[in-house]
file protein-v3.tsv (TSV, C-alpha atoms)
chain	number	residue	atom	x	y	z
A	1	MET	CA	97.67	69.00	106.58
A	2	LYS	CA	100.06	71.64	107.85
A	3	PRO	CA	101.06	74.13	105.15
A	4	ASP	CA	104.68	74.33	104.06
A	5	LYS	CA	106.76	77.06	105.57
A	6	ALA	CA	107.47	79.98	103.25
A	7	ALA	CA	111.05	80.18	101.98
A	8	VAL	CA	113.27	82.07	99.55
A	9	CYS	CA	114.45	79.73	96.78
A	10	TRP	CA	117.11	80.15	94.12
A	11	ALA	CA	118.55	78.09	91.29
A	12	TRP	CA	121.68	77.97	89.17
A	13	ASP	CA	121.88	79.36	85.68
A	14	PHE	CA	125.05	77.69	84.35
A	15	GLY	CA	125.04	79.78	81.20
A	16	VAL	CA	125.29	76.78	78.89
A	17	GLY	CA	121.72	76.77	77.60
A	18	LEU	CA	120.21	74.31	80.08
A	19	GLY	CA	117.66	76.69	81.60
A	20	VAL	CA	116.85	77.14	85.27
A	21	GLU	CA	114.33	74.27	85.54
A	22	VAL	CA	116.64	71.72	83.90
A	23	SER	CA	119.60	72.93	85.98
A	24	SER	CA	117.58	72.50	89.21
A	25	ARG	CA	116.57	68.94	88.27
A	26	LEU	CA	120.18	68.17	87.34
A	27	MET	CA	121.57	69.27	90.72
A	28	ALA	CA	118.93	67.23	92.56
A	29	THR	CA	119.84	64.21	90.40
A	30	LEU	CA	123.58	64.53	91.04
A	31	ARG	CA	122.95	64.81	94.78
A	32	LEU	CA	120.90	61.59	94.76
A	33	LEU	CA	123.49	59.79	92.62
A	34	ALA	CA	126.18	60.70	95.13
A	35	SER	CA	124.26	58.60	97.66
A	36	HIS	CA	122.72	55.79	95.61
A	37	GLN	CA	125.26	55.32	92.76
A	38	ALA	CA	122.50	53.72	90.68
A	39	LEU	CA	120.17	55.29	88.11
A	40	GLY	CA	117.12	53.15	88.93
A	41	PRO	CA	116.50	54.36	92.51
A	42	VAL	CA	117.33	57.96	91.52
A	43	ALA	CA	114.83	57.86	88.64
A	44	ALA	CA	112.14	56.54	91.00
A	45	ALA	CA	112.91	59.25	93.58
A	46	GLN	CA	112.71	61.94	90.88
A	47	GLY	CA	109.45	60.56	89.53
A	48	ILE	CA	110.81	60.09	86.00
A	49	SER	CA	111.68	57.07	83.88
A	50	TYR	CA	115.15	55.55	83.63
A	51	ARG	CA	115.28	56.72	80.03
A	52	GLY	CA	114.22	60.24	81.00
A	53	LEU	CA	116.92	60.42	83.68
A	54	TRP	CA	119.59	59.22	81.27
A	55	GLY	CA	118.39	61.81	78.75
A	56	LEU	CA	118.77	64.57	81.37
A	57	LEU	CA	122.35	63.55	82.11
A	58	THR	CA	123.22	63.28	78.40
A	59	GLU	CA	121.77	66.74	77.71
A	60	ALA	CA	123.77	68.25	80.57
A	61	GLU	CA	127.03	66.53	79.57
A	62	THR	CA	126.60	67.83	76.01
A	63	ALA	CA	125.99	71.36	77.31
A	64	PHE	CA	129.00	71.30	79.68
A	65	GLY	CA	131.23	69.52	77.19
A	66	ARG	CA	132.44	67.08	79.84
A	67	PRO	CA	131.09	63.94	81.57
A	68	LEU	CA	129.13	64.05	84.81
A	69	VAL	CA	128.92	60.30	85.58
A	70	SER	CA	130.95	57.19	84.87
A	71	LYS	CA	129.64	53.63	84.73
A	72	GLY	CA	131.64	50.53	85.39
A	73	ARG	CA	130.94	46.84	85.82
A	74	GLY	CA	130.36	46.21	89.52
A	75	ARG	CA	130.89	49.88	90.39
A	76	GLY	CA	127.46	51.27	89.54
A	77	THR	CA	127.12	54.88	88.39
A	78	ARG	CA	129.51	57.33	89.98
A	79	LEU	CA	129.99	61.06	89.78
A	80	THR	CA	133.00	62.42	87.95
A	81	ALA	CA	135.35	64.85	89.66
A	82	PHE	CA	133.66	67.70	87.77
A	83	ALA	CA	130.19	66.68	89.06
A	84	GLU	CA	131.55	66.43	92.62
A	85	GLU	CA	132.98	69.95	92.32
A	86	LEU	CA	129.55	71.21	91.15
A	87	LEU	CA	127.93	69.70	94.24
A	88	ALA	CA	130.59	71.15	96.54
A	89	LEU	CA	130.01	74.57	95.00
A	90	ASP	CA	126.25	74.14	95.46
A	91	ASP	CA	126.69	73.15	99.14
A	92	GLU	CA	128.88	76.17	99.86
A	93	ALA	CA	126.55	78.57	98.08
A	94	ARG	CA	123.46	77.27	99.89
A	95	ALA	CA	125.16	77.48	103.30
A	96	THR	CA	126.12	81.09	102.64
A	97	LEU	CA	122.82	82.17	101.12
A	98	ALA	CA	120.70	80.49	103.80
A	99	ALA	CA	121.82	83.03	106.39
A	100	GLN	CA	121.26	85.92	104.00
A	101	HIS	CA	117.81	84.70	102.97
A	102	ALA	CA	116.56	83.93	106.49
A	103	PRO	CA	115.30	87.47	107.30
A	104	TRP	CA	113.44	87.65	103.99
A	105	ALA	CA	111.88	84.24	104.50
A	106	THR	CA	110.73	85.32	107.97
A	107	ARG	CA	109.11	88.45	106.59
A	108	LEU	CA	107.47	86.45	103.81
A	109	GLN	CA	106.07	83.97	106.33
A	110	ALA	CA	104.67	86.82	108.42
A	111	LEU	CA	103.04	88.33	105.33
A	112	LEU	CA	101.45	85.05	104.23
A	113	THR	CA	100.33	83.88	107.66
A	114	PRO	CA	97.65	86.06	109.32
A	115	LYS	CA	98.53	86.85	112.89
A	116	SER	CA	96.32	85.19	115.47
A	117	VAL	CA	94.98	88.10	117.47
A	118	PRO	CA	92.48	87.31	120.22
A	119	PRO	CA	89.22	89.23	119.77
A	120	PRO	CA	88.98	92.25	122.07
A	121	GLU	CA	86.71	92.17	125.11
A	122	ARG	CA	86.12	95.90	124.81
A	123	LEU	CA	85.59	97.34	121.35
A	124	ARG	CA	87.30	100.53	120.24
A	125	ILE	CA	84.90	102.53	118.07
A	126	ALA	CA	86.05	105.47	115.96
A	127	ALA	CA	82.86	107.12	114.78
A	128	SER	CA	81.38	110.12	113.08
A	129	HIS	CA	79.66	112.19	115.75
A	130	ASP	CA	76.09	111.16	116.54
A	131	LEU	CA	73.75	112.23	119.31
A	132	ALA	CA	72.10	108.83	119.76
A	133	LEU	CA	75.41	107.00	120.10
A	134	ALA	CA	76.76	109.62	122.47
A	135	ASP	CA	73.68	109.34	124.70
A	136	TRP	CA	73.78	105.53	124.55
A	137	VAL	CA	77.44	105.28	125.59
A	138	GLU	CA	77.13	107.95	128.29
A	139	ASN	CA	73.92	106.70	129.91
A	140	GLY	CA	73.57	103.08	128.84
A	141	ARG	CA	74.38	100.30	131.30
A	142	HIS	CA	77.03	97.71	130.53
A	143	VAL	CA	78.02	99.30	127.24
A	144	ARG	CA	81.49	97.81	126.84
A	145	VAL	CA	82.98	100.08	124.19
A	146	ASP	CA	85.53	102.87	124.03
A	147	LEU	CA	84.05	105.51	121.73
A	148	PHE	CA	86.00	108.41	120.24
A	149	TRP	CA	84.73	110.86	117.65
A	150	LYS	CA	86.31	111.25	114.24
A	151	GLY	CA	84.95	112.30	110.87
A	152	SER	CA	83.60	109.49	108.68
A	153	GLU	CA	86.69	109.50	106.49
A	154	GLU	CA	89.05	109.56	109.46
A	155	ALA	CA	87.12	106.75	111.17
A	156	LEU	CA	87.37	104.49	108.10
A	157	LEU	CA	91.07	105.25	107.79
A	158	ALA	CA	91.57	104.45	111.48
A	159	LEU	CA	89.93	101.05	110.91
A	160	ALA	CA	92.10	100.41	107.87
A	161	ARG	CA	95.22	101.21	109.92
A	162	GLY	CA	94.15	98.95	112.79
A	163	GLU	CA	93.74	101.86	115.21
A	164	CYS	CA	90.18	100.81	116.11
A	165	ASP	CA	87.91	97.76	115.90
A	166	VAL	CA	84.80	99.48	114.55
A	167	ALA	CA	84.29	102.55	112.35
A	168	GLY	CA	81.09	104.61	112.34
A	169	PHE	CA	80.30	106.52	109.12
A	170	HIS	CA	77.27	107.78	107.25
A	171	LEU	CA	76.08	107.65	103.65
A	172	PRO	CA	73.36	109.73	101.99
A	173	LEU	CA	70.10	107.86	101.47
A	174	GLY	CA	69.69	107.11	97.78
A	175	LEU	CA	73.42	106.92	97.08
A	176	ARG	CA	73.96	104.51	94.20
A	177	ARG	CA	75.83	101.25	94.80
A	178	ALA	CA	78.72	102.17	92.53
A	179	GLU	CA	79.12	105.54	94.23
A	180	ALA	CA	79.02	103.95	97.68
A	181	ALA	CA	81.58	101.31	96.66
A	182	ALA	CA	83.89	103.95	95.24
A	183	TRP	CA	83.70	106.11	98.37
A	184	VAL	CA	83.97	103.41	101.07
A	185	GLY	CA	86.44	101.42	98.96
A	186	GLY	CA	88.70	104.45	98.86
A	187	TYR	CA	89.40	103.88	102.57
A	188	LEU	CA	88.78	100.16	103.21
A	189	GLY	CA	89.29	96.89	101.40
A	190	LEU	CA	85.62	96.00	100.86
A	191	ALA	CA	86.19	92.23	100.75
A	192	ARG	CA	88.00	92.26	104.12
A	193	HIS	CA	85.28	94.07	106.06
A	194	ARG	CA	81.65	93.68	107.12
A	195	PHE	CA	78.99	96.38	107.35
A	196	PHE	CA	75.83	97.14	109.31
A	197	GLU	CA	73.25	99.94	109.09
A	198	VAL	CA	72.46	101.16	112.61
A	199	MET	CA	69.95	103.95	111.96
A	200	ARG	CA	68.82	106.74	109.71
A	201	ARG	CA	68.91	110.45	110.50
A	202	GLU	CA	67.29	113.51	108.94
A	203	HIS	CA	69.77	116.26	108.21
A	204	GLY	CA	69.33	119.83	107.07
A	205	ILE	CA	70.03	123.49	107.84
A	206	LEU	CA	69.78	124.80	111.42
A	207	VAL	CA	68.57	128.41	111.73
A	208	PRO	CA	67.48	130.63	114.66
A	209	PRO	CA	63.87	130.37	115.89
A	210	GLY	CA	61.45	131.88	113.42
A	211	ASN	CA	64.04	131.69	110.62
A	212	PRO	CA	64.54	135.49	110.55
A	213	LEU	CA	66.70	135.46	107.40
A	214	ALA	CA	64.22	133.28	105.47
A	215	ILE	CA	66.71	130.54	104.67
A	216	HIS	CA	64.91	127.81	102.77
A	217	GLY	CA	67.68	126.06	100.86
A	218	VAL	CA	71.40	125.80	100.19
A	219	ALA	CA	71.47	128.75	97.81
A	220	ASP	CA	70.25	131.06	100.60
A	221	ILE	CA	73.41	130.35	102.61
A	222	ALA	CA	75.44	132.28	100.01
A	223	ARG	CA	73.36	135.47	100.29
A	224	PRO	CA	75.16	138.60	101.55
A	225	GLY	CA	74.81	139.04	105.30
A	226	VAL	CA	74.37	135.30	106.06
A	227	ARG	CA	77.08	133.67	108.17
A	228	MET	CA	77.35	129.89	108.11
A	229	VAL	CA	79.10	127.48	110.45
A	230	ASN	CA	80.82	124.55	108.76
A	231	ARG	CA	81.84	121.03	109.81
A	232	GLN	CA	85.48	119.97	109.89
A	233	ARG	CA	87.22	118.58	106.85
A	234	GLY	CA	87.16	114.78	106.81
A	235	SER	CA	83.69	114.52	108.29
A	236	GLY	CA	80.83	112.96	106.36
A	237	THR	CA	78.70	116.06	106.91
A	238	ARG	CA	81.44	118.26	105.44
A	239	SER	CA	81.51	116.06	102.32
A	240	MET	CA	77.72	116.42	102.07
A	241	ILE	CA	77.96	120.21	102.47
A	242	ASP	CA	80.57	120.53	99.75
A	243	GLN	CA	78.57	118.30	97.40
A	244	LEU	CA	75.44	120.41	97.97
A	245	LEU	CA	77.38	123.60	97.28
A	246	VAL	CA	78.83	122.19	94.07
A	247	ALA	CA	75.38	121.01	92.95
A	248	SER	CA	74.11	124.59	93.54
A	249	ARG	CA	77.14	126.00	91.67
A	250	LEU	CA	78.37	127.81	94.75
A	251	ASP	CA	81.98	128.38	95.78
A	252	GLY	CA	82.22	127.70	99.51
A	253	ARG	CA	85.27	129.94	99.85
A	254	ALA	CA	83.11	132.92	98.93
A	255	ILE	CA	80.56	132.20	101.67
A	256	ALA	CA	80.91	134.02	105.00
A	257	GLY	CA	81.74	131.54	107.76
A	258	TYR	CA	82.77	128.67	105.45
A	259	ALA	CA	86.12	128.54	107.28
A	260	HIS	CA	84.37	128.40	110.70
A	261	GLU	CA	84.60	124.67	111.46
A	262	GLU	CA	83.05	122.70	114.33
A	263	PHE	CA	83.52	119.01	115.16
A	264	THR	CA	80.05	117.87	116.29
A	265	HIS	CA	76.37	118.42	115.54
A	266	ASP	CA	76.00	119.88	119.04
A	267	ALA	CA	78.76	122.41	118.39
A	268	VAL	CA	77.12	123.54	115.14
A	269	ALA	CA	73.78	123.96	116.90
A	270	ALA	CA	75.44	125.87	119.76
A	271	ALA	CA	77.10	128.26	117.29
A	272	VAL	CA	73.74	129.08	115.71
A	273	ALA	CA	71.92	129.30	119.04
A	274	SER	CA	74.54	131.70	120.47
A	275	GLY	CA	74.40	134.03	117.46
A	276	GLN	CA	77.90	133.19	116.21
A	277	ALA	CA	76.35	131.98	112.94
A	278	ASP	CA	73.07	132.38	111.07
A	279	ALA	CA	72.93	128.86	109.66
A	280	GLY	CA	74.67	125.53	109.96
A	281	PHE	CA	74.31	121.98	108.67
A	282	ALA	CA	73.45	119.25	111.20
A	283	ILE	CA	70.83	116.65	112.09
A	284	ARG	CA	67.27	117.48	113.18
A	285	ALA	CA	67.84	116.21	116.73
A	286	ALA	CA	70.52	118.88	117.27
A	287	ALA	CA	68.08	121.61	116.17
A	288	SER	CA	65.47	120.29	118.59
A	289	ARG	CA	67.95	120.14	121.47
A	290	TYR	CA	68.83	123.84	121.04
A	291	ASP	CA	65.29	125.03	120.15
A	292	LEU	CA	66.30	125.96	116.62
A	293	ASP	CA	64.27	125.86	113.43
A	294	PHE	CA	65.16	123.18	110.91
A	295	VAL	CA	65.15	123.22	107.10
A	296	PRO	CA	65.19	119.55	105.97
A	297	LEU	CA	67.53	118.52	103.15
A	298	GLY	CA	67.54	114.73	103.24
A	299	THR	CA	68.29	111.56	105.19
A	300	ASP	CA	71.47	109.62	105.74
A	301	ARG	CA	72.29	106.07	106.83
A	302	TYR	CA	74.53	105.73	109.86
A	303	CYS	CA	76.60	102.57	109.45
A	304	LEU	CA	79.32	100.57	111.16
A	305	ALA	CA	82.23	98.73	109.56
A	306	ILE	CA	84.40	96.02	111.14
A	307	ARG	CA	87.12	93.64	110.01
A	308	ALA	CA	85.63	90.39	108.68
A	309	SER	CA	87.78	88.37	111.10
A	310	LEU	CA	86.06	90.08	114.03
A	311	ALA	CA	82.46	89.64	112.84
A	312	GLY	CA	81.80	86.47	114.85
A	313	SER	CA	83.44	87.58	118.08
A	314	GLY	CA	81.57	87.78	121.36
A	315	ALA	CA	82.15	91.51	121.69
A	316	VAL	CA	80.60	92.20	118.28
A	317	SER	CA	77.64	89.89	118.98
A	318	GLN	CA	77.01	91.80	122.21
A	319	LEU	CA	77.25	95.13	120.36
A	320	LEU	CA	74.63	93.97	117.86
A	321	ARG	CA	72.31	92.77	120.60
A	322	ARG	CA	72.54	96.13	122.34
A	323	LEU	CA	71.96	98.12	119.14
A	324	GLN	CA	68.91	95.99	118.30
A	325	GLY	CA	67.55	95.95	121.84
A	326	ASP	CA	64.52	97.81	123.11
A	327	THR	CA	66.57	100.33	125.13
A	328	PHE	CA	68.48	101.64	122.11
A	329	ARG	CA	65.36	101.63	119.93
A	330	ARG	CA	63.50	103.68	122.54
A	331	ARG	CA	66.37	106.16	122.56
A	332	LEU	CA	66.07	106.52	118.79
A	333	ALA	CA	62.32	106.99	118.98
A	334	ALA	CA	62.80	109.78	121.52
A	335	LEU	CA	65.14	111.75	119.24
A	336	PRO	CA	63.53	113.84	116.46
A	337	GLY	CA	64.59	112.82	112.96
A	338	TYR	CA	65.83	109.31	113.84
A	339	THR	CA	64.54	105.95	112.59
A	340	ASN	CA	65.90	102.42	112.87
A	341	GLY	CA	68.11	101.00	110.16
A	342	ALA	CA	66.23	98.94	107.59
A	343	MET	CA	68.84	96.27	106.82
A	344	ALA	CA	69.47	92.76	108.15
A	345	GLY	CA	70.28	92.41	111.82
A	346	ARG	CA	73.85	91.31	111.30
A	347	PHE	CA	77.08	92.52	109.76
A	348	LEU	CA	77.06	91.84	106.02
A	349	GLY	CA	79.70	91.47	103.36
A	350	TRP	CA	79.86	94.35	100.92
A	351	ARG	CA	77.71	92.65	98.27
A	352	GLY	CA	74.85	92.02	100.67
A	353	PHE	CA	75.22	95.44	102.24
A	354	ALA	CA	75.23	97.18	98.85
A	355	ALA	CA	72.17	95.18	97.78
A	356	GLY	CA	70.42	96.57	100.87
A	357	LEU	CA	71.40	100.10	99.84
A	358	ALA	CA	69.62	99.63	96.54
A	359	ALA	CA	66.61	97.75	97.92
A	360	SER	CA	65.80	100.18	100.73
A	361	GLY	CA	67.20	103.37	99.24

call {"tool": "encode", "arguments": {"input": "protein-v3.tsv", "output": "structure tokens"}}
result
Amino acid sequence: MKPDKAAVCWAWDFGVGLGVEVSSRLMATLRLLASHQALGPVAAAQGISYRGLWGLLTEAETAFGRPLVSKGRGRGTRLTAFAEELLALDDEARATLAAQHAPWATRLQALLTPKSVPPPERLRIAASHDLALADWVENGRHVRVDLFWKGSEEALLALARGECDVAGFHLPLGLRRAEAAAWVGGYLGLARHRFFEVMRREHGILVPPGNPLAIHGVADIARPGVRMVNRQRGSGTRSMIDQLLVASRLDGRAIAGYAHEEFTHDAVAAAVASGQADAGFAIRAAASRYDLDFVPLGTDRYCLAIRASLAGSGAVSQLLRRLQGDTFRRRLAALPGYTNGAMAGRFLGWRGFAAGLAASG
């Protein structure tokens, strides 16, 4: 059954104590009586009894203080001049208001009816920077995606605004379900999206070979003479850094190099390797690529989010097959600090995804 078209409706309030609902039924009754001139057919059309219809007319006539219908032998039931003037006024008002309401009805219809958008053949992925994904897209064959790097927060916001089809973000391993829901839900409507854990990565502090400044934890970053390199605001790693500093009761603004921001794990590693900084936060694979020492701090989950309406599309099915294929898994195995994601091999609703966070955390 085809749904009714959305419309803007209005009703008279005659100001005589009838109420909007009674006034609407009265106008519909008078319009039918103008055609049928008999109470029986009108009562049937209105779905009420003859007695109920007569009661409606009597109530209205009492409220107006003048008759609405007249009955005569052989003439049926006819409208009085006053009732005919009410109908004429109603016709004129509806004709005028229809044109004024049309734009609002159109906008309402657009809001209530989801637009039919064909699924994309080539996915646009806004993602937090990751070495495995970068290598996969650059060197993999038949990878039909357009990948551009953004911080986790910016990627989720881009998905919410419709600027991409997929968002890549990461969550700390062990993050509680309520905390994860609060963070992701701050950017996306959880019920309207689906989620998938791609992989896990070990993150920590990158330091020069031999760790000459003996940096063994977050607190050592704040020592005099130590210069750090930071990640950009809006990235998941930056959020992690700030949380670690707060947990250690450190003010990042007082740390040398806190304002030195880089946009990728590679850039952080390059800054440490070139001597521009003494320490930086990144994943283990970046330390290995630049022959740096690594102080482990924990593990994160790298995840993807998509709109629920896109979950069954061919492009998303192909993306999942590629991410679960042997080629991608071999790439992960070749990168230090990476492991495969531990969740189901499909995009899940938030409840199932959050249950996986707790079960495998």

call {"tool": "closest_atom_pairs", "arguments": {"input": "protein-v3.tsv", "of": "region 123-213 of chain A", "to": "region 268-292 of chain A", "cutoff": "8 Å", "atoms": "all atoms listed in the file", "output": "Markdown table"}}
result
| residue | atom | partner | partner_atom | distance |
| --- | --- | --- | --- | --- |
| A:Leu131 | CA | A:Ala285 | CA | 7.6 |
| A:Arg201 | CA | A:Ile283 | CA | 6.7 |
| A:Glu202 | CA | A:Ile283 | CA | 5.7 |
| A:His203 | CA | A:Ile283 | CA | 4.0 |
| A:Gly204 | CA | A:Phe281 | CA | 5.7 |
| A:Ile205 | CA | A:Phe281 | CA | 4.6 |
| A:Leu206 | CA | A:Gly280 | CA | 5.2 |
| A:Val207 | CA | A:Ala279 | CA | 4.8 |
| A:Pro208 | CA | A:Leu292 | CA | 5.2 |
| A:Pro209 | CA | A:Leu292 | CA | 5.1 |
| A:Leu213 | CA | A:Asp278 | CA | 8.0 |

call {"tool": "write_last_selection", "arguments": {"input": "protein-v3.tsv", "atoms": "C-alpha atoms", "output": "mmCIF file, keeping the file's coordinate frame"}}
result
data_model
loop_
_atom_site.group_PDB
_atom_site.id
_atom_site.type_symbol
_atom_site.label_atom_id
_atom_site.label_comp_id
_atom_site.auth_asym_id
_atom_site.auth_seq_id
_atom_site.Cartn_x
_atom_site.Cartn_y
_atom_site.Cartn_z
ATOM 1 C CA LEU A 131 73.750 112.230 119.310
ATOM 2 C CA ARG A 201 68.910 110.450 110.500
ATOM 3 C CA GLU A 202 67.290 113.510 108.940
ATOM 4 C CA HIS A 203 69.770 116.260 108.210
ATOM 5 C CA GLY A 204 69.330 119.830 107.070
ATOM 6 C CA ILE A 205 70.030 123.490 107.840
ATOM 7 C CA LEU A 206 69.780 124.800 111.420
ATOM 8 C CA VAL A 207 68.570 128.410 111.730
ATOM 9 C CA PRO A 208 67.480 130.630 114.660
ATOM 10 C CA PRO A 209 63.870 130.370 115.890
ATOM 11 C CA LEU A 213 66.700 135.460 107.400
#

call {"tool": "closest_residue", "arguments": {"input": "protein-v3.tsv", "among": "A:Arg249, A:Arg223, A:Asp300, A:Val8", "to": "Leu108 (chain A)", "atoms": "all atoms listed in the file"}}
result
A:Val8

call {"tool": "closest_residue", "arguments": {"input": "protein-v3.tsv", "among": "A:Leu157, A:Leu97, A:Ala34, A:Ile48", "to": "Ser235 (chain A)", "atoms": "all atoms listed in the file"}}
result
A:Leu157

call {"tool": "residues_around", "arguments": {"input": "protein-v3.tsv", "residues": "Ala191 (chain A)", "least_positions_apart": "5", "cutoff": "9 Å", "atoms": "all atoms listed in the file", "output": "list in words"}}
result
Ala308, Gly349, Trp350 and Arg351 of chain A

call {"tool": "atom_distance", "arguments": {"input": "protein-v3.tsv", "atom1": "CA of Gln318 (chain A)", "atom2": "CA of Gly185 (chain A)"}}
result
26.9 Å

call {"tool": "residues_near_point", "arguments": {"input": "protein-v3.tsv", "point": "(84.4, 108.3, 112.8)", "cutoff": "10 Å", "atoms": "only C-alpha atoms", "output": "PDB file with C-alpha atoms, keeping the file's coordinate frame"}}
result
ATOM      1  CA  ILE A 125      84.900 102.530 118.070  1.00  0.00           C
ATOM      2  CA  ALA A 126      86.050 105.470 115.960  1.00  0.00           C
ATOM      3  CA  ALA A 127      82.860 107.120 114.780  1.00  0.00           C
ATOM      4  CA  SER A 128      81.380 110.120 113.080  1.00  0.00           C
ATOM      5  CA  HIS A 129      79.660 112.190 115.750  1.00  0.00           C
ATOM      6  CA  ASP A 130      76.090 111.160 116.540  1.00  0.00           C
ATOM      7  CA  LEU A 147      84.050 105.510 121.730  1.00  0.00           C
ATOM      8  CA  PHE A 148      86.000 108.410 120.240  1.00  0.00           C
ATOM      9  CA  TRP A 149      84.730 110.860 117.650  1.00  0.00           C
ATOM     10  CA  LYS A 150      86.310 111.250 114.240  1.00  0.00           C
ATOM     11  CA  GLY A 151      84.950 112.300 110.870  1.00  0.00           C
ATOM     12  CA  SER A 152      83.600 109.490 108.680  1.00  0.00           C
ATOM     13  CA  GLU A 153      86.690 109.500 106.490  1.00  0.00           C
ATOM     14  CA  GLU A 154      89.050 109.560 109.460  1.00  0.00           C
ATOM     15  CA  ALA A 155      87.120 106.750 111.170  1.00  0.00           C
ATOM     16  CA  LEU A 156      87.370 104.490 108.100  1.00  0.00           C
ATOM     17  CA  LEU A 157      91.070 105.250 107.790  1.00  0.00           C
ATOM     18  CA  ALA A 158      91.570 104.450 111.480  1.00  0.00           C
ATOM     19  CA  LEU A 159      89.930 101.050 110.910  1.00  0.00           C
ATOM     20  CA  VAL A 166      84.800  99.480 114.550  1.00  0.00           C
ATOM     21  CA  ALA A 167      84.290 102.550 112.350  1.00  0.00           C
ATOM     22  CA  GLY A 168      81.090 104.610 112.340  1.00  0.00           C
ATOM     23  CA  PHE A 169      80.300 106.520 109.120  1.00  0.00           C
ATOM     24  CA  HIS A 170      77.270 107.780 107.250  1.00  0.00           C
ATOM     25  CA  GLY A 234      87.160 114.780 106.810  1.00  0.00           C
ATOM     26  CA  SER A 235      83.690 114.520 108.290  1.00  0.00           C
ATOM     27  CA  GLY A 236      80.830 112.960 106.360  1.00  0.00           C
ATOM     28  CA  LEU A 304      79.320 100.570 111.160  1.00  0.00           C
TER      29      LEU A 304
END

call {"tool": "closest_residue", "arguments": {"input": "protein-v3.tsv", "among": "A:Leu320, A:Gln232, A:Ser313, A:Ala247", "to": "Phe263 (chain A)", "atoms": "only C-alpha atoms"}}
result
A:Gln232
